[in-house]
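Report on the following structure.
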Amino acid sequence: RAIRGSANIGCIIWLVILGFVGYVLYKVVPVKVASSEFFDTMQEQASFGSIKDPKFIEYEILKKADELQLPIKKENVKITKTTNAIKVEAHYEITIDFLNGAYKYVWKFDPVVQRPLFAV
């Protein structure tokens, strides 16, 4: 029984694939978590649309975007309040650099939340 110290090439290929998938997840998951948390904030703020001023809702949304380090400015947020509904929109994009800028992926987000207004 000789011990040669050779590795199976299939194992090495699977380790490379696993490392690549891990790297992609490392780059993508924080962006997805931040955008999901931002969407939750939009939903929460729209729920209070009947008792809050649209300018205050916009302020709260922009404050959360700054806290999450999302590239959202006042121009990217649109709040429309009618007599029976409120609509909150945000349009932004995040560029994810892979392999130190060798590949750049632009991820576009366009979350829209629409809630009915209830008389308070």
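Residues are named by chain letter and number: chains run A, B, ... in the order of the structure tokens, numbers start at 1 in each chain, and ligands are numbered from 1 in the order shown.
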
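Within 9 Å of range 57-72 of chain A there are Val31, Ala34, Ser35, Glu37, Phe38, Thr41, Met42, Gln45, Ala46, Phe48, Gly49, Lys52, Asp53, Asn76, Val77, Lys78, Ile79, Val88, Ala90, His91, Tyr92, Glu93 and Ile94 of chain A, counting only C-alpha atoms and ignoring same-chain residues fewer than 4 positions away.
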
Limited to N, CA, C and O atoms, could you put the picked residues into a file as a PDB file, in the first residue's frame?
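Writing done, so here's result.pdb:
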```pdb
ATOM      1  N   VAL A  31     -25.746  43.165   0.273  1.00  0.00           N
ATOM      2  CA  VAL A  31     -26.535  44.090  -0.538  1.00  0.00           C
ATOM      3  C   VAL A  31     -28.011  43.710  -0.472  1.00  0.00           C
ATOM      4  O   VAL A  31     -28.887  44.567  -0.297  1.00  0.00           O
ATOM      5  N   ALA A  34     -29.463  44.541   3.038  1.00  0.00           N
ATOM      6  CA  ALA A  34     -29.681  45.984   3.199  1.00  0.00           C
ATOM      7  C   ALA A  34     -30.895  46.449   2.399  1.00  0.00           C
ATOM      8  O   ALA A  34     -31.701  47.240   2.894  1.00  0.00           O
ATOM      9  N   SER A  35     -31.051  45.962   1.182  1.00  0.00           N
ATOM     10  CA  SER A  35     -32.196  46.384   0.370  1.00  0.00           C
ATOM     11  C   SER A  35     -33.505  45.844   0.938  1.00  0.00           C
ATOM     12  O   SER A  35     -34.530  46.531   0.889  1.00  0.00           O
ATOM     13  N   GLU A  37     -34.074  45.252   4.162  1.00  0.00           N
ATOM     14  CA  GLU A  37     -34.334  46.048   5.358  1.00  0.00           C
ATOM     15  C   GLU A  37     -34.868  47.433   4.977  1.00  0.00           C
ATOM     16  O   GLU A  37     -35.762  47.973   5.644  1.00  0.00           O
ATOM     17  N   PHE A  38     -34.363  47.993   3.900  1.00  0.00           N
ATOM     18  CA  PHE A  38     -34.862  49.278   3.417  1.00  0.00           C
ATOM     19  C   PHE A  38     -36.312  49.159   2.958  1.00  0.00           C
ATOM     20  O   PHE A  38     -37.142  50.026   3.247  1.00  0.00           O
ATOM     21  N   THR A  41     -38.585  49.154   5.877  1.00  0.00           N
ATOM     22  CA  THR A  41     -38.762  50.510   6.392  1.00  0.00           C
ATOM     23  C   THR A  41     -39.780  51.272   5.546  1.00  0.00           C
ATOM     24  O   THR A  41     -40.614  52.008   6.086  1.00  0.00           O
ATOM     25  N   MET A  42     -39.730  51.090   4.233  1.00  0.00           N
ATOM     26  CA  MET A  42     -40.706  51.735   3.361  1.00  0.00           C
ATOM     27  C   MET A  42     -42.117  51.273   3.699  1.00  0.00           C
ATOM     28  O   MET A  42     -43.046  52.085   3.769  1.00  0.00           O
ATOM     29  N   GLN A  45     -43.201  52.827   7.097  1.00  0.00           N
ATOM     30  CA  GLN A  45     -43.517  54.239   6.995  1.00  0.00           C
ATOM     31  C   GLN A  45     -44.822  54.465   6.224  1.00  0.00           C
ATOM     32  O   GLN A  45     -45.605  55.357   6.563  1.00  0.00           O
ATOM     33  N   ALA A  46     -45.077  53.661   5.198  1.00  0.00           N
ATOM     34  CA  ALA A  46     -46.312  53.799   4.434  1.00  0.00           C
ATOM     35  C   ALA A  46     -47.522  53.396   5.276  1.00  0.00           C
ATOM     36  O   ALA A  46     -48.617  53.926   5.077  1.00  0.00           O
ATOM     37  N   PHE A  48     -48.057  54.177   8.265  1.00  0.00           N
ATOM     38  CA  PHE A  48     -48.440  55.330   9.075  1.00  0.00           C
ATOM     39  C   PHE A  48     -48.750  56.549   8.212  1.00  0.00           C
ATOM     40  O   PHE A  48     -48.714  57.683   8.687  1.00  0.00           O
ATOM     41  N   GLY A  49     -49.067  56.322   6.957  1.00  0.00           N
ATOM     42  CA  GLY A  49     -49.309  57.422   6.028  1.00  0.00           C
ATOM     43  C   GLY A  49     -50.492  58.298   6.377  1.00  0.00           C
ATOM     44  O   GLY A  49     -50.529  59.468   6.018  1.00  0.00           O
ATOM     45  N   LYS A  52     -48.917  60.584   9.374  1.00  0.00           N
ATOM     46  CA  LYS A  52     -47.630  61.260   9.183  1.00  0.00           C
ATOM     47  C   LYS A  52     -47.636  62.086   7.908  1.00  0.00           C
ATOM     48  O   LYS A  52     -48.249  61.720   6.909  1.00  0.00           O
ATOM     49  N   ASP A  53     -46.915  63.175   7.947  1.00  0.00           N
ATOM     50  CA  ASP A  53     -46.742  64.032   6.786  1.00  0.00           C
ATOM     51  C   ASP A  53     -45.793  63.352   5.786  1.00  0.00           C
ATOM     52  O   ASP A  53     -44.826  62.697   6.196  1.00  0.00           O
ATOM     53  N   ASN A  76     -34.353  60.215  -5.552  1.00  0.00           N
ATOM     54  CA  ASN A  76     -34.693  58.822  -5.826  1.00  0.00           C
ATOM     55  C   ASN A  76     -35.973  58.363  -5.132  1.00  0.00           C
ATOM     56  O   ASN A  76     -36.466  57.285  -5.415  1.00  0.00           O
ATOM     57  N   VAL A  77     -36.484  59.166  -4.207  1.00  0.00           N
ATOM     58  CA  VAL A  77     -37.666  58.781  -3.434  1.00  0.00           C
ATOM     59  C   VAL A  77     -38.850  59.629  -3.885  1.00  0.00           C
ATOM     60  O   VAL A  77     -38.748  60.841  -4.019  1.00  0.00           O
ATOM     61  N   LYS A  78     -39.979  58.954  -4.114  1.00  0.00           N
ATOM     62  CA  LYS A  78     -41.192  59.653  -4.529  1.00  0.00           C
ATOM     63  C   LYS A  78     -42.341  59.162  -3.647  1.00  0.00           C
ATOM     64  O   LYS A  78     -42.590  57.963  -3.558  1.00  0.00           O
ATOM     65  N   ILE A  79     -43.027  60.107  -3.015  1.00  0.00           N
ATOM     66  CA  ILE A  79     -44.157  59.777  -2.157  1.00  0.00           C
ATOM     67  C   ILE A  79     -45.388  60.479  -2.722  1.00  0.00           C
ATOM     68  O   ILE A  79     -45.401  61.699  -2.888  1.00  0.00           O
ATOM     69  N   VAL A  88     -45.283  54.848  -1.961  1.00  0.00           N
ATOM     70  CA  VAL A  88     -43.890  55.200  -1.701  1.00  0.00           C
ATOM     71  C   VAL A  88     -43.030  54.445  -2.698  1.00  0.00           C
ATOM     72  O   VAL A  88     -43.105  53.213  -2.786  1.00  0.00           O
ATOM     73  N   ALA A  90     -38.994  54.113  -4.524  1.00  0.00           N
ATOM     74  CA  ALA A  90     -37.564  54.431  -4.478  1.00  0.00           C
ATOM     75  C   ALA A  90     -36.897  53.736  -5.664  1.00  0.00           C
ATOM     76  O   ALA A  90     -37.173  52.566  -5.935  1.00  0.00           O
ATOM     77  N   HIS A  91     -36.064  54.467  -6.353  1.00  0.00           N
ATOM     78  CA  HIS A  91     -35.364  53.913  -7.520  1.00  0.00           C
ATOM     79  C   HIS A  91     -33.868  54.167  -7.323  1.00  0.00           C
ATOM     80  O   HIS A  91     -33.436  55.310  -7.237  1.00  0.00           O
ATOM     81  N   TYR A  92     -33.113  53.074  -7.258  1.00  0.00           N
ATOM     82  CA  TYR A  92     -31.673  53.208  -7.055  1.00  0.00           C
ATOM     83  C   TYR A  92     -30.971  51.972  -7.606  1.00  0.00           C
ATOM     84  O   TYR A  92     -31.615  50.971  -7.924  1.00  0.00           O
ATOM     85  N   GLU A  93     -29.661  52.081  -7.729  1.00  0.00           N
ATOM     86  CA  GLU A  93     -28.861  50.946  -8.197  1.00  0.00           C
ATOM     87  C   GLU A  93     -27.569  50.872  -7.399  1.00  0.00           C
ATOM     88  O   GLU A  93     -27.038  51.889  -6.959  1.00  0.00           O
ATOM     89  N   ILE A  94     -27.121  49.644  -7.242  1.00  0.00           N
ATOM     90  CA  ILE A  94     -25.892  49.383  -6.493  1.00  0.00           C
ATOM     91  C   ILE A  94     -24.946  48.610  -7.400  1.00  0.00           C
ATOM     92  O   ILE A  94     -25.343  47.610  -8.010  1.00  0.00           O
TER      93      ILE A  94
END
```

- Item | Among listed residues A:Ile96, A:Ile86, A:Cys11, A:Val113, nearest Leu25 in chain A (using only C-alpha atoms) | A:Ile96

- Task: List every residue of range 9-118 of chain A that DSSP, applied to the backbone of this structure, places in alpha helix (DSSP H), and write the result as a ChimeraX atom specification.
- Result: /A:9-47,54-67

- Could you pull the residues within 12 Å of Ser50 in chain A, counting only C-alpha atoms, minus those fewer than 5 positions along the same chain, as a ChimeraX atom specification? /A:45,57,81-87,115-120

- Using only C-alpha atoms: which of A:Asn8, A:Trp107, A:Trp14, A:Asp97 has the shortest distance to Tyr26 in chain A: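 Comparing A:Asn8, A:Trp107, A:Trp14, A:Asp97 against Tyr26 in chain A, the winner is A:Asp97.
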
- Message: I want to know what sits within 12 Å of Val24 in chain A, based on only C-alpha atoms, with residues of the same chain fewer than 2 positions away left out; could you give that as an MDAnalysis selection string?
- Response: chainID A and resid 17:22 26:31 96:99 103 105

- Message: Just to confirm, what's the straight-line distance from CA of Asp110 in chain A to CA of Tyr23 in chain A in Å (one decimal)?
- Response: 25.7 Å

- Would you return as JSON, numbers by chain the members of chain A that DSSP assigns to strand (DSSP E) on this structure's backbone? {"A": [77, 78, 79, 80, 81, 85, 86, 87, 88, 89, 90, 92, 93, 94, 95, 96, 97, 98, 103, 104, 105, 106, 107, 108, 109, 112, 113, 114, 115, 116]}
